[in-house]
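The file final_3.cif contains mmCIF, C-alpha atoms:
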data_coords
#
loop_
_atom_site.group_PDB
_atom_site.id
_atom_site.type_symbol
_atom_site.label_atom_id
_atom_site.label_comp_id
_atom_site.auth_asym_id
_atom_site.auth_seq_id
_atom_site.Cartn_x
_atom_site.Cartn_y
_atom_site.Cartn_z
ATOM 1 C CA MET C 1 0.000 0.000 0.000
ATOM 2 C CA ILE C 2 2.836 2.429 0.772
ATOM 3 C CA ALA C 3 4.107 2.203 -2.791
ATOM 4 C CA GLU C 4 0.576 2.965 -4.000
ATOM 5 C CA VAL C 5 0.322 5.975 -1.699
ATOM 6 C CA LEU C 6 3.634 7.358 -2.977
ATOM 7 C CA LEU C 7 2.396 7.014 -6.549
ATOM 8 C CA VAL C 8 -0.759 8.903 -5.592
ATOM 9 C CA LEU C 9 1.305 11.655 -3.970
ATOM 10 C CA ALA C 10 3.350 11.876 -7.166
ATOM 11 C CA GLY C 11 0.170 12.664 -9.112
ATOM 12 C CA HIS C 12 -0.937 9.257 -10.405
ATOM 13 C CA ALA C 13 -4.492 7.944 -10.305
ATOM 14 C CA SER C 14 -5.293 5.075 -7.954
ATOM 15 C CA SER C 15 -8.152 2.796 -7.004
ATOM 16 C CA LEU C 16 -7.576 3.892 -3.397
ATOM 17 C CA PHE C 17 -9.203 7.254 -4.235
ATOM 18 C CA PRO C 18 -11.602 6.688 -7.144
ATOM 19 C CA THR C 19 -13.078 10.209 -7.190
ATOM 20 C CA ASP C 20 -11.377 12.839 -5.063
ATOM 21 C CA HIS C 21 -9.567 12.233 -1.757
ATOM 22 C CA THR C 22 -12.166 9.984 -0.179
ATOM 23 C CA LEU C 23 -10.947 6.439 0.429
ATOM 24 C CA HIS C 24 -12.689 3.695 -1.502
ATOM 25 C CA PRO C 25 -15.341 2.112 0.786
ATOM 26 C CA SER C 26 -13.923 -1.375 0.343
ATOM 27 C CA PHE C 27 -10.639 -0.377 1.988
ATOM 28 C CA ALA C 28 -12.139 1.316 5.046
ATOM 29 C CA PRO C 29 -12.923 -1.887 7.055
ATOM 30 C CA LEU C 30 -9.318 -3.024 6.677
ATOM 31 C CA LEU C 31 -7.904 0.057 8.406
ATOM 32 C CA HIS C 32 -7.833 1.513 11.881
ATOM 33 C CA PRO C 33 -9.802 4.803 12.028
ATOM 34 C CA GLY C 34 -6.547 6.662 12.644
ATOM 35 C CA GLU C 35 -4.971 5.034 9.598
ATOM 36 C CA GLN C 36 -7.986 5.915 7.469
ATOM 37 C CA GLN C 37 -7.780 9.513 8.618
ATOM 38 C CA ALA C 38 -4.051 9.690 7.811
ATOM 39 C CA LEU C 39 -4.622 8.062 4.429
ATOM 40 C CA GLU C 40 -7.404 10.478 3.462
ATOM 41 C CA ALA C 41 -5.278 13.418 4.592
ATOM 42 C CA LEU C 42 -2.536 12.207 2.228
ATOM 43 C CA GLY C 43 -5.200 11.718 -0.437
ATOM 44 C CA LEU C 44 -6.271 15.344 -0.040
ATOM 45 C CA ILE C 45 -2.681 16.527 -0.523
ATOM 46 C CA ALA C 46 -2.410 14.433 -3.680
ATOM 47 C CA PHE C 47 -5.823 15.617 -4.933
ATOM 48 C CA ARG C 48 -4.847 19.273 -4.571
ATOM 49 C CA TYR C 49 -1.492 18.647 -6.216
ATOM 50 C CA ARG C 50 -3.149 17.011 -9.252
ATOM 51 C CA LYS C 51 -5.666 19.843 -9.454
ATOM 52 C CA ILE C 52 -2.901 22.457 -9.435
ATOM 53 C CA LYS C 53 -0.826 20.630 -12.061
ATOM 54 C CA ALA C 54 -3.843 20.227 -14.348
ATOM 55 C CA ALA C 55 -4.668 23.928 -14.020
ATOM 56 C CA LEU C 56 -1.065 24.916 -14.762
ATOM 57 C CA THR C 57 -1.119 22.829 -17.942
ATOM 58 C CA THR C 58 -4.129 24.830 -19.147
ATOM 59 C CA LEU C 59 -2.963 28.236 -17.909
ATOM 60 C CA SER C 60 0.515 27.879 -19.419
ATOM 61 C CA ARG C 61 -1.084 28.071 -22.875
ATOM 62 C CA SER C 62 -2.176 31.635 -22.151
ATOM 63 C CA SER C 63 -1.010 34.447 -24.436
ATOM 64 C CA SER C 64 -0.198 36.487 -21.330
ATOM 65 C CA ARG C 65 3.503 36.629 -20.513
ATOM 66 C CA SER C 66 2.638 37.249 -16.863
ATOM 67 C CA ILE C 67 0.514 34.115 -16.562
ATOM 68 C CA CYS C 68 3.133 32.022 -18.372
ATOM 69 C CA ALA C 69 5.840 33.304 -16.008
ATOM 70 C CA LEU C 70 3.671 32.482 -12.997
ATOM 71 C CA CYS C 71 3.026 28.941 -14.293
ATOM 72 C CA ALA C 72 6.699 28.307 -15.034
ATOM 73 C CA THR C 73 7.714 29.534 -11.581
ATOM 74 C CA LEU C 74 5.079 27.485 -9.773
ATOM 75 C CA ASN C 75 5.966 24.355 -11.751
ATOM 76 C CA SER C 76 9.588 24.893 -10.772
ATOM 77 C CA ILE C 77 8.691 25.304 -7.080
ATOM 78 C CA LEU C 78 6.579 22.143 -7.094
ATOM 79 C CA ARG C 79 9.300 20.187 -8.879
ATOM 80 C CA ASP C 80 12.116 21.316 -6.607
ATOM 81 C CA GLU C 81 10.256 21.155 -3.302
ATOM 82 C CA TYR C 82 7.169 18.943 -3.418
ATOM 83 C CA GLU C 83 8.055 16.377 -6.077
ATOM 84 C CA SER C 84 11.582 16.034 -4.721
ATOM 85 C CA LEU C 85 10.081 15.305 -1.293
ATOM 86 C CA VAL C 86 8.134 12.390 -2.806
ATOM 87 C CA VAL C 87 11.302 11.014 -4.395
ATOM 88 C CA ASP C 88 13.387 11.526 -1.244
ATOM 89 C CA THR C 89 10.725 9.842 0.895
ATOM 90 C CA GLU C 90 10.685 6.808 -1.373
ATOM 91 C CA ALA C 91 14.487 6.632 -1.217
ATOM 92 C CA LYS C 92 14.433 6.774 2.589
ATOM 93 C CA ILE C 93 11.862 3.982 2.761
ATOM 94 C CA LEU C 94 13.905 1.783 0.434
ATOM 95 C CA SER C 95 17.008 2.424 2.539
ATOM 96 C CA ARG C 96 15.004 1.640 5.718
ATOM 97 C CA ASP C 97 15.528 5.069 7.259
ATOM 98 C CA ALA C 98 14.707 4.772 10.974
ATOM 99 C CA ASN C 99 12.673 8.003 10.887
ATOM 100 C CA LEU C 100 10.172 6.405 8.511
ATOM 101 C CA VAL C 101 10.505 2.626 8.776
ATOM 102 C CA ALA C 102 9.491 1.323 12.198
ATOM 103 C CA SER C 103 11.596 -1.589 13.460
ATOM 104 C CA GLY C 104 13.137 -1.657 9.999
ATOM 105 C CA SER C 105 10.169 -3.555 8.600
ATOM 106 C CA PHE C 106 7.011 -1.451 8.131
ATOM 107 C CA VAL C 107 6.079 2.195 7.427
ATOM 108 C CA PRO C 108 3.385 3.689 9.679
ATOM 109 C CA LEU C 109 0.939 5.883 7.763
ATOM 110 C CA SER C 110 1.294 8.424 10.562
ATOM 111 C CA SER C 111 4.997 8.832 9.713
ATOM 112 C CA LEU C 112 4.153 9.392 6.059
ATOM 113 C CA ARG C 113 1.417 11.837 7.046
ATOM 114 C CA ALA C 114 3.852 13.809 9.209
ATOM 115 C CA THR C 115 6.394 13.960 6.377
ATOM 116 C CA PHE C 116 3.935 15.693 4.036
ATOM 117 C CA SER C 117 2.027 17.756 6.614
ATOM 118 C CA ASP C 118 4.044 20.883 5.770
ATOM 119 C CA TRP C 119 2.335 20.903 2.367
ATOM 120 C CA ASP C 120 -1.235 21.043 3.752
ATOM 121 C CA ALA C 121 -1.476 24.839 3.833
ATOM 122 C CA PRO C 122 0.628 25.618 0.725
ATOM 123 C CA LEU C 123 -1.305 23.261 -1.549
ATOM 124 C CA ALA C 124 -4.636 24.513 -0.174
ATOM 125 C CA ALA C 125 -3.571 28.098 -0.915
ATOM 126 C CA LEU C 126 -2.261 27.194 -4.375
ATOM 127 C CA ALA C 127 -5.426 25.273 -5.258
ATOM 128 C CA SER C 128 -7.429 28.366 -4.339
ATOM 129 C CA LEU C 129 -5.046 30.511 -6.402
ATOM 130 C CA VAL C 130 -5.391 28.492 -9.603
ATOM 131 C CA GLU C 131 -9.185 28.495 -9.191
ATOM 132 C CA GLU C 132 -9.122 32.297 -9.158
ATOM 133 C CA LEU C 133 -6.738 32.401 -12.115
ATOM 134 C CA GLU C 134 -8.956 30.093 -14.169
ATOM 135 C CA ALA C 135 -12.073 32.124 -13.323
ATOM 136 C CA GLU C 136 -10.686 35.154 -15.219
ATOM 137 C CA LYS C 137 -10.471 34.922 -19.011
ATOM 138 C CA HIS C 138 -7.634 37.436 -19.394
ATOM 139 C CA TRP C 139 -5.414 38.703 -16.601
ATOM 140 C CA ARG C 140 -3.789 42.102 -16.928
ATOM 141 C CA PRO C 141 -0.443 42.452 -15.095
ATOM 142 C CA GLY C 142 -1.608 45.157 -12.682
ATOM 143 C CA PRO C 143 -4.497 43.252 -11.052
ATOM 144 C CA LEU C 144 -2.465 40.025 -11.179
ATOM 145 C CA ILE C 145 0.408 41.557 -9.208
ATOM 146 C CA ASP C 146 -2.053 43.152 -6.775
ATOM 147 C CA MET C 147 -3.779 39.810 -6.193
ATOM 148 C CA LEU C 148 -0.523 37.918 -5.629
ATOM 149 C CA LEU C 149 0.805 40.544 -3.222
ATOM 150 C CA ALA C 150 -2.466 40.505 -1.272
ATOM 151 C CA ARG C 151 -2.390 36.701 -1.023
ATOM 152 C CA SER C 152 1.246 36.733 0.113
ATOM 153 C CA HIS C 153 0.304 38.745 3.198
ATOM 154 C CA THR C 154 -0.416 35.744 5.373
ATOM 155 C CA GLY C 155 0.916 34.483 8.666
ATOM 156 C CA VAL C 156 1.775 31.070 7.212
ATOM 157 C CA HIS C 157 5.441 31.452 6.320
ATOM 158 C CA ARG C 158 5.654 28.807 3.601
ATOM 159 C CA VAL C 159 2.516 30.086 1.865
ATOM 160 C CA ALA C 160 3.788 33.663 2.043
ATOM 161 C CA ASP C 161 7.171 32.626 0.647
ATOM 162 C CA ILE C 162 5.723 30.748 -2.334
ATOM 163 C CA LEU C 163 3.225 33.469 -3.236
ATOM 164 C CA SER C 164 5.917 36.116 -2.868
ATOM 165 C CA ARG C 165 8.113 34.237 -5.349
ATOM 166 C CA LEU C 166 5.203 34.024 -7.775
ATOM 167 C CA SER C 167 4.600 37.743 -7.389
ATOM 168 C CA VAL C 168 8.276 38.512 -8.030
ATOM 169 C CA ALA C 169 8.201 36.410 -11.212
ATOM 170 C CA VAL C 170 5.240 38.392 -12.549
ATOM 171 C CA GLN C 171 6.775 41.713 -11.480
ATOM 172 C CA ARG C 172 9.956 40.859 -13.396
ATOM 173 C CA VAL C 173 7.945 40.335 -16.584
ATOM 174 C CA TRP C 174 6.168 43.646 -15.958
ATOM 175 C CA ARG C 175 9.528 45.308 -15.340
ATOM 176 C CA THR C 176 10.764 44.078 -18.734
ATOM 177 C CA GLN C 177 7.824 45.838 -20.397
ATOM 178 C CA LEU C 178 8.487 48.928 -18.310
ATOM 179 C CA THR C 179 12.178 48.968 -19.255
ATOM 180 C CA ALA C 180 11.340 48.787 -22.953
ATOM 181 C CA PHE C 181 9.121 51.873 -22.663
ATOM 182 C CA LEU C 182 11.002 53.861 -20.028
ATOM 183 C CA VAL C 183 14.515 53.298 -21.390
ATOM 184 C CA HIS C 184 13.911 52.863 -25.135
ATOM 185 C CA GLY C 185 10.530 54.495 -25.728
ATOM 186 C CA SER C 186 9.229 51.210 -27.180
ATOM 187 C CA ILE C 187 5.663 49.929 -26.873
ATOM 188 C CA SER C 188 5.335 46.149 -26.907
ATOM 189 C CA ASN C 189 2.909 44.390 -29.227
ATOM 190 C CA VAL C 190 2.086 41.891 -26.464
ATOM 191 C CA ASP C 191 0.601 43.090 -23.154
ATOM 192 C CA PRO C 192 1.630 46.754 -23.742
ATOM 193 C CA LEU C 193 1.614 49.119 -20.774
ATOM 194 C CA VAL C 194 0.593 52.223 -22.731
ATOM 195 C CA SER C 195 -1.517 53.065 -25.751
ATOM 196 C CA GLU C 196 -0.342 54.714 -28.992
ATOM 197 C CA ASN C 197 -0.946 58.133 -27.433
ATOM 198 C CA TYR C 198 1.111 57.265 -24.348
ATOM 199 C CA THR C 199 -1.613 56.750 -21.757
ATOM 200 C CA PHE C 200 -1.643 53.752 -19.450
ATOM 201 C CA LEU C 201 -3.981 50.970 -20.532
ATOM 202 C CA ASP C 202 -6.515 49.648 -18.026
ATOM 203 C CA GLY C 203 -4.950 47.116 -15.692
ATOM 204 C CA SER C 204 -1.395 47.738 -16.856
ATOM 205 C CA ILE C 205 -0.125 49.251 -13.597
ATOM 206 C CA PRO C 206 -0.150 47.584 -10.142
ATOM 207 C CA SER C 207 -1.614 49.717 -7.367
ATOM 208 C CA CYS C 208 1.733 49.797 -5.537
ATOM 209 C CA VAL C 209 3.082 52.200 -8.212
ATOM 210 C CA SER C 210 2.479 55.745 -6.964
ATOM 211 C CA ALA C 211 0.716 58.415 -9.024
ATOM 212 C CA GLN C 212 3.972 60.408 -9.094
ATOM 213 C CA SER C 213 5.896 57.486 -10.593
ATOM 214 C CA GLN C 214 3.129 56.810 -13.109
ATOM 215 C CA GLU C 215 3.304 60.405 -14.334
ATOM 216 C CA SER C 216 7.100 60.250 -14.575
ATOM 217 C CA ILE C 217 7.011 56.974 -16.514
ATOM 218 C CA VAL C 218 4.686 58.462 -19.132
ATOM 219 C CA TYR C 219 6.734 61.675 -19.348
ATOM 220 C CA VAL C 220 10.070 59.893 -19.852
ATOM 221 C CA GLY C 221 8.761 57.189 -22.198
ATOM 222 C CA ARG C 222 6.968 59.722 -24.393
ATOM 223 C CA ALA C 223 9.996 62.027 -24.476
ATOM 224 C CA ILE C 224 12.387 59.233 -25.558
ATOM 225 C CA ALA C 225 9.907 57.915 -28.143
ATOM 226 C CA THR C 226 9.519 61.440 -29.557
ATOM 227 C CA VAL C 227 13.265 61.977 -29.831
ATOM 228 C CA LYS C 228 13.676 58.635 -31.596
ATOM 229 C CA ALA C 229 10.746 59.227 -33.958
ATOM 230 C CA ALA C 230 12.124 62.644 -34.954
ATOM 231 C CA LYS C 231 15.458 60.967 -35.808
ATOM 232 C CA TRP C 232 17.433 63.871 -34.410
ATOM 233 C CA GLN C 233 21.183 63.754 -34.677
ATOM 234 C CA LYS C 234 21.544 63.564 -30.913
ATOM 235 C CA GLN C 235 20.001 60.551 -29.240
ATOM 236 C CA LEU C 236 20.132 59.426 -25.626
ATOM 237 C CA PRO C 237 23.673 58.059 -25.064
ATOM 238 C CA GLN C 238 24.188 54.326 -24.606
ATOM 239 C CA SER C 239 25.861 54.922 -21.245
ATOM 240 C CA LEU C 240 22.688 56.541 -19.911
ATOM 241 C CA THR C 241 20.328 53.850 -21.222
ATOM 242 C CA THR C 242 22.593 51.180 -19.707
ATOM 243 C CA ALA C 243 22.634 52.988 -16.367
ATOM 244 C CA HIS C 244 18.837 53.281 -16.370
ATOM 245 C CA THR C 245 18.440 49.601 -17.256
ATOM 246 C CA ASN C 246 20.724 48.655 -14.365
ATOM 247 C CA LEU C 247 18.740 50.839 -11.985
ATOM 248 C CA LEU C 248 15.478 49.155 -12.966
ATOM 249 C CA GLU C 249 16.947 45.652 -12.728
ATOM 250 C CA ASN C 250 17.592 46.174 -9.026
ATOM 251 C CA VAL C 251 14.122 47.273 -7.982
ATOM 252 C CA LEU C 252 10.559 45.941 -8.087
ATOM 253 C CA PRO C 253 7.323 47.937 -7.805
ATOM 254 C CA GLU C 254 6.391 46.197 -4.531
ATOM 255 C CA ASP C 255 9.245 48.155 -2.908
ATOM 256 C CA GLN C 256 7.439 51.441 -3.430
ATOM 257 C CA HIS C 257 9.997 53.722 -1.809
ATOM 258 C CA MET C 258 12.980 52.428 -3.779
ATOM 259 C CA PHE C 259 10.919 52.195 -6.962
ATOM 260 C CA ASP C 260 9.884 55.853 -6.626
ATOM 261 C CA LEU C 261 13.521 56.858 -6.103
ATOM 262 C CA VAL C 262 14.683 54.999 -9.225
ATOM 263 C CA ILE C 263 11.910 56.431 -11.415
ATOM 264 C CA SER C 264 12.623 59.918 -10.080
ATOM 265 C CA GLN C 265 16.343 59.551 -10.813
ATOM 266 C CA ILE C 266 15.655 58.385 -14.373
ATOM 267 C CA ARG C 267 13.314 61.323 -14.957
ATOM 268 C CA THR C 268 15.899 63.771 -13.653
ATOM 269 C CA ASN C 269 18.612 62.298 -15.880
ATOM 270 C CA VAL C 270 16.438 62.370 -19.004
ATOM 271 C CA SER C 271 15.192 65.897 -18.269
ATOM 272 C CA GLU C 272 18.743 67.193 -17.892
ATOM 273 C CA TRP C 273 19.830 65.498 -21.129
ATOM 274 C CA LEU C 274 16.847 66.949 -23.010
ATOM 275 C CA TRP C 275 17.628 70.418 -21.688
ATOM 276 C CA LEU C 276 21.257 70.228 -22.774
ATOM 277 C CA ASN C 277 20.843 68.440 -26.097
ATOM 278 C CA VAL C 278 17.356 68.767 -27.541
ATOM 279 C CA LEU C 279 15.866 72.110 -26.519
ATOM 280 C CA THR C 280 16.658 74.934 -28.960
ATOM 281 C CA GLN C 281 17.821 78.399 -27.948
ATOM 282 C CA LYS C 282 14.276 79.679 -28.479
ATOM 283 C CA ASP C 283 12.878 76.841 -26.306
ATOM 284 C CA ALA C 284 15.270 77.828 -23.536
ATOM 285 C CA GLU C 285 14.363 81.523 -23.822
ATOM 286 C CA ASP C 286 10.636 80.712 -23.775
ATOM 287 C CA ALA C 287 11.120 78.498 -20.726
ATOM 288 C CA VAL C 288 13.008 81.229 -18.872
ATOM 289 C CA GLU C 289 10.372 83.801 -19.853
ATOM 290 C CA THR C 290 7.608 81.502 -18.606
ATOM 291 C CA LEU C 291 9.452 81.019 -15.327
ATOM 292 C CA VAL C 292 9.887 84.784 -14.885
ATOM 293 C CA GLN C 293 6.214 85.443 -15.623
ATOM 294 C CA SER C 294 5.246 82.749 -13.166
ATOM 295 C CA LYS C 295 7.403 84.307 -10.439
ATOM 296 C CA LEU C 296 5.983 87.814 -11.134
ATOM 297 C CA LEU C 297 2.412 86.514 -11.027
ATOM 298 C CA SER C 298 3.096 84.737 -7.773
ATOM 299 C CA SER C 299 4.588 87.915 -6.246
ATOM 300 C CA THR C 300 1.611 89.980 -7.411
ATOM 301 C CA GLU C 301 -0.876 87.527 -5.905
ATOM 302 C CA ARG C 302 0.982 87.631 -2.579
ATOM 303 C CA GLY C 303 0.944 91.446 -2.686
ATOM 304 C CA VAL C 304 -2.794 91.524 -3.229
#

Could you show the structure in this file as C-alpha cells?
Amino acid sequence: MIAEVLLVLAGHASSLFPTDHTLHPSFAPLLHPGEQQALEALGLIAFRYRKIKAALTTLSRSSSRSICALCATLNSILRDEYESLVVDTEAKILSRDANLVASGSFVPLSSLRATFSDWDAPLAALASLVEELEAEKHWRPGPLIDMLLARSHTGVHRVADILSRLSVAVQRVWRTQLTAFLVHGSISNVDPLVSENYTFLDGSIPSCVSAQSQESIVYVGRAIATVKAAKWQKQLPQSLTTAHTNLLENVLPEDQHMFDLVISQIRTNVSEWLWLNVLTQKDAEDAVETLVQSKLLSSTERGV
C-alpha cells in the first residue's frame, strides 16, 4: 500500500481514491480509524497537487507573458520542493531510514502523514489561487500583481514565501515591459503598458506604483519615443540607457519607496539630457520667460 500511496502523492491515479480524496469504501474496514484519517489526509494533498498541475497545464497556454511566467515559476517550485520530497521519501523507505521505517520492517501511515504535513497549507492556498486564475479569461499584469501581493500577506510562512516568489516572477515580466518603454521608448505588441498616445492601458499598472511614478514613466517614455521618432542627430547616449536599465533591474514595484527613487532619478537624468541636447535656444528663452512670468504673477498675488 505504501508504494501505492507514494504514486498517488506523485500525481498518479489510484483505485484507493476513485473520485477525489475519499478512500474507496472497500478499503475502510481493513484500516484503523486513525490510519484511514491519515490516508485520506494524504489523499487530499495528492488531490490538490493534481488539481494544481492540471490547471497549470491549461494556464501555461495563455497568451499572457505574466501568466506564463507564474506557471513556469510554480511548476519549478513544485518540482524542486514537493516532487523532490516524494522522491526523497521513497528513497528513505527503500534504505530503511529509521525516521520512517518502524523496526526496519514497516512504514506507519502516521509517519508518512507527518512527512507531508508541511504541504497542507501551501497546496490549499495554491489550489485556491489556480481556481481564481482560471475564473478570469484574461489577466492584466496590474491586477495580477495586486492579487498575488495581497495573497502573500499571510501568517503562514511557507505560503507567504511561495506566493511572494510568484509575485516577483510576474513583477519581473512587468519590469521588462516597463524597461522597454522607459529606457527605449518602445511599446510592446504583447501586453503593452501604454496606448499609442502614451496613456496607461486599463490594468497595466499595479496599485503599488504611486501616481507620481506613473506620471514620470509616461513623461520619460513619451519624451524618448519622440526623440527617436524625430530621428534627431543627438540621441540618448548608450551609457545613460545602460545605467537606467541597471537601476530598474535592481528594484521591483512592490518596494514602493525604492521604486519611486529609481523612477525619479531616471526622470531627472532624461530631463537634464533633453535640456542640454534637444531644446533649442528659443525653447530655452521661452522656458526662462515663462518662469519669470510665473514668479511675477506669484509675487503679485501675494501682494494683493

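Proximity ranking of C:Ser62, C:Gln37, C:Thr268, C:Thr73 relative to Val168 of chain C places C:Thr73 first, based on all atoms listed in the file.
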
Open item on the list: What's around segment 89-104 of chain C at 12 Å? Count all atoms listed in the file, leave out sequence neighbours fewer than 5 positions away in its own chain, and write the answer as a PyMOL selection string.
Closed with: chain C and resi 2-7+9-10+82-84+109-116

Show me, as a tab-separated table, the residues of segment 37-144 of chain C having an atom within 8 Å of segment 181-202 of chain C, each with the closest atom pair and its distance in Å, using all atoms listed in the file.
residue	atom	partner	partner_atom	distance
C:Ser64	CA	C:Asp191	CA	6.9
C:Arg65	CA	C:Asp191	CA	7.6
C:Arg140	CA	C:Asp191	CA	7.7

- [ ] Provide the atom CA of Leu247 of chain C to atom CA of Met147 of chain C distance in Å, to one decimal place.
- [x]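 According to the coordinates, atom CA of Leu247 of chain C and atom CA of Met147 of chain C are separated by 25.7 Å.
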
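Across C:Ile67, C:Leu261, C:Leu56, C:Ala121, the tightest approach to Leu44 of chain C is made by C:Ala121 when counting all atoms listed in the file.
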
Task: One-decimal distance in Å that lies between atom CA of Ala54 of chain C and atom CA of Arg79 of chain C - done: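 Taking atom CA of Arg79 of chain C as the start and atom CA of Ala54 of chain C as the end point, the length is 14.2 Å.
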
Task: Shell of 10 Å around Ala13 of chain C, only C-alpha atoms, local chain residues under 4 positions omitted, as a PyMOL selection string - done: chain C and resi 4+7-9+17-20+46-47+50

Task: Top pick for closest residue to Leu144 of chain C, considering C:Ala127, C:Val220, C:Val156, C:Val170 and counting only C-alpha atoms - done: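 Of C:Ala127, C:Val220, C:Val156, C:Val170, the one nearest Leu144 of chain C, counting only C-alpha atoms, is C:Val170.
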
TODO: Quote the spacing between atom CA of Met258 of chain C and atom CA of Gln212 of chain C in Å to one decimal place.
DONE: 13.2 Å

Open item on the list: For a quick check of understanding, using only C-alpha atoms, which of C:Gly221, C:Cys71, C:Glu254, C:Gly11 has the smallest distance to Ser152 of chain C?
Closed with: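 Result for the nearest residue to Ser152 of chain C: C:Glu254.
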
Task: Nearest-residue call for Trp174 of chain C, choices C:Pro33, C:Pro253, C:Pro108, C:Gly155, using only C-alpha atoms - done: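 Of C:Pro33, C:Pro253, C:Pro108, C:Gly155, the one nearest Trp174 of chain C is C:Pro253, counting only C-alpha atoms.
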
Protein/DNA/RNA residues near (-7.2, 34.7, -17.0), cut 12 Å, all atoms listed in the file, as a short mmCIF file (atom, residue, chain, number, x, y, z; two decimals) with C-alpha atoms, in the frame of the given file:
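Output contents, as saved in point-v9.cif:
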data_model
loop_
_atom_site.label_atom_id
_atom_site.label_comp_id
_atom_site.auth_asym_id
_atom_site.auth_seq_id
_atom_site.Cartn_x
_atom_site.Cartn_y
_atom_site.Cartn_z
CA ALA C 55 -4.67 23.93 -14.02
CA LEU C 56 -1.06 24.92 -14.76
CA THR C 58 -4.13 24.83 -19.15
CA LEU C 59 -2.96 28.24 -17.91
CA SER C 60 0.52 27.88 -19.42
CA ARG C 61 -1.08 28.07 -22.88
CA SER C 62 -2.18 31.64 -22.15
CA SER C 63 -1.01 34.45 -24.44
CA SER C 64 -0.20 36.49 -21.33
CA ARG C 65 3.50 36.63 -20.51
CA SER C 66 2.64 37.25 -16.86
CA ILE C 67 0.51 34.12 -16.56
CA CYS C 68 3.13 32.02 -18.37
CA LEU C 70 3.67 32.48 -13.00
CA LEU C 129 -5.05 30.51 -6.40
CA VAL C 130 -5.39 28.49 -9.60
CA GLU C 131 -9.18 28.50 -9.19
CA GLU C 132 -9.12 32.30 -9.16
CA LEU C 133 -6.74 32.40 -12.12
CA GLU C 134 -8.96 30.09 -14.17
CA ALA C 135 -12.07 32.12 -13.32
CA GLU C 136 -10.69 35.15 -15.22
CA LYS C 137 -10.47 34.92 -19.01
CA HIS C 138 -7.63 37.44 -19.39
CA TRP C 139 -5.41 38.70 -16.60
CA ARG C 140 -3.79 42.10 -16.93
CA PRO C 141 -0.44 42.45 -15.10
CA PRO C 143 -4.50 43.25 -11.05
CA LEU C 144 -2.46 40.02 -11.18
#

Task: Chain and number of each residue from the PyMOL selection byres ((chain C and resi 228-239) around 9), as a PyMOL selection string - done: chain C and resi 184-185+223-227+240-244+270+273-274+277-278

Kindly provide, as JSON, the centre and edge lengths (Å, one decimal) of an axis-aligned box around all atoms of segment 222-235 of chain C given in the file, with 8 Å on each side.
{"center_x": 14.3, "center_y": 60.9, "center_z": -30.1, "size_x": 30.6, "size_y": 22.0, "size_z": 27.4}

Task: Exercise: Leu252 of chain C partners within 12 Å, all atoms listed in the file, chain neighbours under 5 positions left out, as a VMD selection string - done: chain C and resid 145 167 to 176 178 to 179 206 208 to 209 247 257 to 263

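Of the residues listed (C:Arg267, C:Arg165, C:His153, C:His12), C:Arg165 shows the shortest atom-to-atom separation from Ser76 of chain C; distances use all atoms listed in the file.
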